[in-house]
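Enquirer: Sharing a structure below in structure tokens format, with a few things to ask.
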Amino acid sequence: MKRYGGNARAIAALVREAEVHRDVYVDPEIFELEMAHLFPNSWVYVGHASQLAKPGDFITANIGRQPVMASRHTDGSIHVFYNRCPHKGVKIASEPCGNTGKFFRCPYHAWSFKTDGSLLAIPLKKGYEGTGFGDTQANEGLSKVRNVVIYRDFIFARLSANGVSFEDYFGESLSTIDNMVDRSPEGKLAVQATPIRYMHTCNWKMLVENQTDTCHPMVAHESSAGTAVKVWKREQGDSTETPMAVQLYGPFMSPYEFYEQSGIRIWPNGHGHTGVANSIHSNYSDIPGYLDQMVAAYGEQRAHEILGEIRHNTVYFPNIMVKGAVQILRNFIPIAVDKTLVESWVYRLVGAPDKLYERALMYNRFINAPTSIVGHDDLEMYERAQEGLKSNGNQWVNLRRLYDGHEEQDVTAVINGTSERQMRNQFHAWAKFITMGMDKRIEAAE
Amino acid sequence: MIGEKTITDFIYREAELLDTMEWQTWLDLFHPEGRYWMPLEWQQQDPVLQPSLMYEDLLLLKVRVERLAGERTFSQKPKSRCHHLLQAPRIVTCDPAAGVFKARTAYIYTETRGDMLERYSGWASHELVQVGDALKIKLKRVDLVNFDAPFGNIQLFM
């Protein structure tokens with residue numbers, strides 16, 4: 001039964017000021033519309049330029065359902081195209097990353113393409129003479145994604161030809177990426193390892209919402225973080241130094257008051273972050289030598305400014321979260337209405353002590369792995385929600401916490417850290433980007 | 001005198017303790033400096049500066065075991081169970097003089113919870129040391145054949 005396709009008004013009605021209808025999480029038609037409209041209209045993370053260090057390096061990714069790839073061309077430029085041979089549609093790259101050498105070669109009929117995507121050669125090219133091939137899209141080579149912006153080595157793409165510009169879309173929210181990059185004494189991040197991958201049987205938006213949900217850690221993670229704190233208290237003996245592991249788990253058990261005062265900042269277009277005044281990452285031990293490196297690189301004042309900005313989770317709408325202080329990016333990749341692949345990446349701060357990278361990797365496996373006890377706590381909640389939302393007893397999800405009745409949309413504001421306003425902010429953006437241009441596109445198709 | 005059979009028996013016994021959920025007795029098999037390591041890369045060398053799924057000392061293993069029994073451990077309602085099907089361990093080193101005992105064991109591991117059942121294949125590498133008359137685990141390394149695939153929850157021990 002089709003209820004939402006081409007009906008922007010029906011879709012918009014799923015998002016009320018402080019409630020959303022359960023169909024946004026459980027309806028397969030809504031999911032298809034997200035893939036067809038929301039993701040193409042948004043700026044979506046593709047990868048990091050350090051994954052494309054040398055000419056011929058490539059990575060593959062998906063934007064919604066669209067398979068894309070990015071490559072480093074011989075002249076050093078980065079290009080993003082659809083991962084599909086213009087001949088018969090075969091995927092050009094089948095691996096997450098690699099080096100193709102001087103050109104891409106389709107394994108089916110050996111059509112080849114330069115690393116900027118343009119057509120290089122076709123075997124028996126004579127056979128296309130006088131066929132009108134020169135006028136076809138195939139003659140252009142791999143179809144390009146035209147709207148690509150590389151911001152401080154973070155590669156973002158927007159598939160729709162028209163839409164909001166990168167600068168207008170992200171605005172001041174880029175300050176979290178800035179802070180993460182600035183934490184390297186050389187101002188440079190490097191991806192040096194594969195991400196931790198974790199399959200979730202729930203809708204992708206539950207994961208995104210949970211990033212700024214500060215009223216769940218002390219409840220849902222009592223079993224993991226709470227137990228870690230308890231066991232450490234019992235076992236610590238005469239030890240005066242808290243192990244790195246306990247430093248990472250412990251703050252999850254911070255009381256409501258901590259999260260209330262630490263604050264949330266929201267930005268236009270659905271972006272926002274927890275941890276404004278301070279965050280659960282504020283009290284980690286200093287890593288010997290790091291501050292000196294930072295002061296040498298940036299000067300006393302600027303170094304302290306950078307390291308004093310200890311944000312918690314920054315959501316970049318629609319589907320990534322960045323932890324600048326721990327150098328982690330989580331990519332919530334939608335697979336189906338009730339299936340989400342989470343890839344959690346760690347960036348190494350180039351030039352910084354190994355210990356920082358060790359800590360980031362430890363955090364990632366403690367919190368974001370299929371073997372993570374914190375992850376087990378969260379996934380259990382998402383799965384129960386995915387099941388529970390089928391209930392017809394109440395078809396609305398309540399997001400009313402600290403709603404004051406007349407919220408301005410698409411603004412920048414700092415608010416109480418236990419507010420659900422960032423979730424409301426996301427859903428406002430959701431309604432905007434899923435319906436954007438929808439009527440026009442349907443007219444064009446008719 | 002610790003011989004090859006002592007090592008093999010130890011590995012079978014360890015798997016049995018996990019299958020019967022005798023967690024405390026299982027923890028007692030570890031040396032105080034023991035580690036449980038689940039790499040995330042092929043033939044991984046470094047557990048600290050390369051990403052792993054798990055690299056846990058005794059403190060963290062105790063946290064896991066205690067959590068499994070927690071009143072508010074909702075991901076264990078219902079509880080998970082597991083099953084180890086082991087190939088005969090291959091003795092890599094059995095050197096009582098040097099106190100070095102190593103074995104590698106191919107396995108199929110099953111973890112089940114409620115109506116769900118997941119199966120994993122891999123190799124367990126044991127590095128054991130002699131403490132008194134007994135063997136203790138210095139390192140248990142579990143390499144999954146598909147370490148790079150996205151799994152759902154793995155809540156127990158391989």
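The chains in the structure tokens are called A, B, ... from first to last as shown; in each chain the residues are counted from 1, and the ligands are counted from 1 in the order shown.
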Could I get the residues of chain B with an atom no further than 10 Å from an atom of chain A, each paired with its nearest atom pair and that distance in Å to one decimal, using only C-alpha atoms, sorted by chain and residue number, as a Markdown table?
Expert:
| residue | atom | partner | partner_atom | distance |
| --- | --- | --- | --- | --- |
| B:Met38 | CA | A:Thr371 | CA | 9.2 |
| B:Leu40 | CA | A:Ile196 | CA | 7.8 |
| B:Glu41 | CA | A:Thr194 | CA | 8.2 |
| B:Pro47 | CA | A:Glu358 | CA | 9.5 |
| B:Val48 | CA | A:Glu358 | CA | 5.9 |
| B:Leu49 | CA | A:Glu358 | CA | 5.5 |
| B:Gln50 | CA | A:Ala193 | CA | 7.0 |
| B:Pro51 | CA | A:Leu361 | CA | 5.9 |
| B:Ser52 | CA | A:Arg365 | CA | 6.7 |
| B:Leu53 | CA | A:Arg365 | CA | 5.7 |
| B:Met54 | CA | A:Arg365 | CA | 6.5 |
| B:Tyr55 | CA | A:Met362 | CA | 8.5 |
| B:Glu56 | CA | A:Ala245 | CA | 9.5 |
| B:Asp57 | CA | A:Ala245 | CA | 9.9 |
| B:Leu59 | CA | A:Trp232 | CA | 7.4 |
| B:Leu60 | CA | A:Ala228 | CA | 7.5 |
| B:Leu61 | CA | A:Ala228 | CA | 10.0 |
| B:Lys62 | CA | A:Val231 | CA | 7.4 |
| B:Val63 | CA | A:Ala228 | CA | 5.4 |
| B:Arg64 | CA | A:Ile373 | CA | 7.4 |
| B:Val65 | CA | A:Thr227 | CA | 9.8 |
| B:Glu66 | CA | A:Thr227 | CA | 7.1 |
| B:Arg67 | CA | A:Ser223 | CA | 5.7 |
| B:Leu68 | CA | A:Ser223 | CA | 8.4 |
| B:Ala69 | CA | A:Ser223 | CA | 9.3 |
| B:Gly70 | CA | A:Ser223 | CA | 6.4 |
| B:Glu71 | CA | A:Ser223 | CA | 8.0 |
| B:Arg72 | CA | A:Ser223 | CA | 5.7 |
| B:Thr73 | CA | A:Ser223 | CA | 5.0 |
| B:Phe74 | CA | A:Asp377 | CA | 6.8 |
| B:Ser75 | CA | A:Glu380 | CA | 5.4 |
| B:Gln76 | CA | A:Glu380 | CA | 9.0 |
| B:Lys77 | CA | A:Glu380 | CA | 9.4 |
| B:Phe147 | CA | A:Arg197 | CA | 9.6 |
| B:Asp148 | CA | A:Arg197 | CA | 7.4 |
| B:Ala149 | CA | A:Arg197 | CA | 6.8 |
| B:Pro150 | CA | A:Arg197 | CA | 4.6 |
| B:Phe151 | CA | A:Tyr198 | CA | 5.3 |
| B:Gly152 | CA | A:Met199 | CA | 4.9 |
| B:Asn153 | CA | A:Pro370 | CA | 4.8 |
| B:Ile154 | CA | A:Thr371 | CA | 5.1 |
| B:Gln155 | CA | A:Thr371 | CA | 6.2 |
| B:Leu156 | CA | A:Thr371 | CA | 8.5 |
| B:Phe157 | CA | A:Thr371 | CA | 9.4 |
Enquirer: Based on the backbone DSSP call, show me all residues of region 88-325 of chain A assigned alpha helix (DSSP H), as a ChimeraX atom specification.
Expert: /A:166-170,175-182,204-210,217-220,227-235,244-249,256-262,290-298,300-308
Enquirer: Would you list the contacts of Arg90 (chain B) as a list in words, taking every protein, DNA or RNA residue within 9 Å and counting only C-alpha atoms, but skipping same-chain residues closer than 4 positions in sequence?
Expert: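 Neighbouring residues, sequence-local ones excluded: Thr8, Lys102, Ala103, Arg104, Thr105 and Ala106 of chain B.
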Enquirer: Quick one: everything within 9 Å of Pro96 (chain B), counting only C-alpha atoms, minus sequence neighbours fewer than 2 positions away in the same chain. Send it as a PyMOL selection string.
Expert: chain B and resi 1-3+94+98-101+130
Enquirer: What would the file look like if the residues just selected were written as a PDB file, in the first residue's frame with N, CA and C atoms?
Expert:
ATOM      1  N   MET B   1      54.639 -33.284  35.501  1.00  0.00           N
ATOM      2  CA  MET B   1      55.289 -32.849  34.245  1.00  0.00           C
ATOM      3  C   MET B   1      54.227 -32.500  33.199  1.00  0.00           C
ATOM      4  N   ILE B   2      54.328 -31.301  32.676  1.00  0.00           N
ATOM      5  CA  ILE B   2      53.341 -30.888  31.685  1.00  0.00           C
ATOM      6  C   ILE B   2      53.743 -31.410  30.312  1.00  0.00           C
ATOM      7  N   GLY B   3      52.831 -32.158  29.722  1.00  0.00           N
ATOM      8  CA  GLY B   3      53.088 -32.698  28.393  1.00  0.00           C
ATOM      9  C   GLY B   3      52.027 -32.207  27.421  1.00  0.00           C
ATOM     10  N   CYS B  94      55.789 -27.095  23.149  1.00  0.00           N
ATOM     11  CA  CYS B  94      55.622 -27.707  24.470  1.00  0.00           C
ATOM     12  C   CYS B  94      57.015 -27.849  25.062  1.00  0.00           C
ATOM     13  N   ALA B  98      61.573 -24.333  29.320  1.00  0.00           N
ATOM     14  CA  ALA B  98      61.457 -22.889  29.125  1.00  0.00           C
ATOM     15  C   ALA B  98      60.127 -22.359  29.674  1.00  0.00           C
ATOM     16  N   GLY B  99      59.220 -23.259  30.021  1.00  0.00           N
ATOM     17  CA  GLY B  99      57.908 -22.847  30.521  1.00  0.00           C
ATOM     18  C   GLY B  99      57.012 -22.270  29.435  1.00  0.00           C
ATOM     19  N   VAL B 100      57.227 -22.701  28.209  1.00  0.00           N
ATOM     20  CA  VAL B 100      56.444 -22.167  27.081  1.00  0.00           C
ATOM     21  C   VAL B 100      55.538 -23.263  26.506  1.00  0.00           C
ATOM     22  N   PHE B 101      54.265 -22.963  26.477  1.00  0.00           N
ATOM     23  CA  PHE B 101      53.292 -23.928  25.958  1.00  0.00           C
ATOM     24  C   PHE B 101      52.326 -23.191  25.028  1.00  0.00           C
ATOM     25  N   GLN B 130      53.164 -22.108  33.180  1.00  0.00           N
ATOM     26  CA  GLN B 130      53.004 -22.989  34.330  1.00  0.00           C
ATOM     27  C   GLN B 130      53.062 -22.164  35.609  1.00  0.00           C
TER      28      GLN B 130
END
Enquirer: In terms of the shortest atom-to-atom distance over only C-alpha atoms, which of A:Leu291, A:Val68, A:Val26, A:Val326 is closest to Glu387 (chain A)?
Expert: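 Closest candidate: A:Val26.
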Enquirer: What's around region 124-135 of chain A at 10 Å? Count only C-alpha atoms, leave out sequence neighbours fewer than 4 positions away in its own chain, and write the answer as an NGL selection string.
Expert: :A and (111 or 139-140)
Enquirer: Would you list the contacts of region 146-153 of chain A as a CSV table (one decimal) with N, CA, C and O atoms, in the first residue's frame, taking every protein, DNA or RNA residue within 7 Å and counting only C-alpha atoms, but skipping same-chain residues closer than 4 positions in sequence?
Expert:
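Saved result, result_23.csv, follows:
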chain,number,residue,atom,x,y,z
A,48,HIS,N,37.8,9.7,3.7
A,48,HIS,CA,38.8,10.7,4.1
A,48,HIS,C,39.9,10.7,3.1
A,48,HIS,O,40.3,9.6,2.6
A,49,ALA,N,40.4,11.9,2.8
A,49,ALA,CA,41.4,12.0,1.7
A,49,ALA,C,42.7,11.2,2.1
A,49,ALA,O,43.4,10.8,1.1
A,157,ALA,N,29.7,14.5,-0.4
A,157,ALA,CA,29.0,14.6,-1.8
A,157,ALA,C,27.5,14.8,-1.6
A,157,ALA,O,26.9,14.2,-0.7
A,158,ARG,N,27.0,15.5,-2.6
A,158,ARG,CA,25.5,15.6,-2.7
A,158,ARG,C,25.1,15.2,-4.1
A,158,ARG,O,25.6,15.7,-5.1
A,159,LEU,N,24.3,14.1,-4.1
A,159,LEU,CA,24.0,13.6,-5.4
A,159,LEU,C,23.0,14.5,-6.3
A,159,LEU,O,23.1,14.5,-7.5
Enquirer: Tell me, as a VMD selection string, which residues lie within 10 Å of His31 (chain B), counting only C-alpha atoms; anything in the same chain fewer than 2 positions away does not count.
Expert: chain B and resid 27 to 29 33 to 35 57 to 58 128 to 131 135 to 139
Enquirer: Suppose we keep C-alpha atoms; can you now write the selection as a PDB file, in the first residue's frame?
Expert:
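Output below, filename selection08.pdb:
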ATOM      1  CA  LEU B  27      38.428 -16.597  34.904  1.00  0.00           C
ATOM      2  CA  ASP B  28      40.561 -18.616  37.326  1.00  0.00           C
ATOM      3  CA  LEU B  29      42.294 -20.178  34.311  1.00  0.00           C
ATOM      4  CA  GLU B  33      48.697 -10.748  33.494  1.00  0.00           C
ATOM      5  CA  GLY B  34      46.595 -12.772  31.064  1.00  0.00           C
ATOM      6  CA  ARG B  35      44.844 -11.291  28.032  1.00  0.00           C
ATOM      7  CA  ASP B  57      42.923  -7.880  30.770  1.00  0.00           C
ATOM      8  CA  LEU B  58      41.576  -9.708  33.794  1.00  0.00           C
ATOM      9  CA  LEU B 128      50.016 -20.914  28.507  1.00  0.00           C
ATOM     10  CA  VAL B 129      52.411 -20.684  31.420  1.00  0.00           C
ATOM     11  CA  GLN B 130      53.004 -22.989  34.330  1.00  0.00           C
ATOM     12  CA  VAL B 131      52.020 -21.682  37.756  1.00  0.00           C
ATOM     13  CA  LEU B 135      48.657 -24.119  33.448  1.00  0.00           C
ATOM     14  CA  LYS B 136      47.393 -20.539  33.224  1.00  0.00           C
ATOM     15  CA  ILE B 137      46.393 -18.493  30.191  1.00  0.00           C
ATOM     16  CA  LYS B 138      48.886 -15.791  29.307  1.00  0.00           C
ATOM     17  CA  LEU B 139      47.143 -15.045  26.037  1.00  0.00           C
TER      18      LEU B 139
END
Enquirer: If you run DSSP over the backbone, which residues in region 50-145 of chain B end up strand (DSSP E or B)? Put them as a count of residues only.
Expert: 59
Enquirer: What is the CA of Gly324 (chain A)-CA of Cys97 (chain A) distance in Å, reported with one decimal?
Expert: 24.3 Å
Enquirer: Can you tell me how far CA of Thr110 (chain B) sits from CA of His84 (chain B), in Å to one decimal?
Expert: 6.6 Å
Enquirer: Could you please determine the separation between CA of Val80 (chain A) and CA of Asn62 (chain A) in Å, to one decimal place?
Expert: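 Distance between the two atoms: 11.3 Å.
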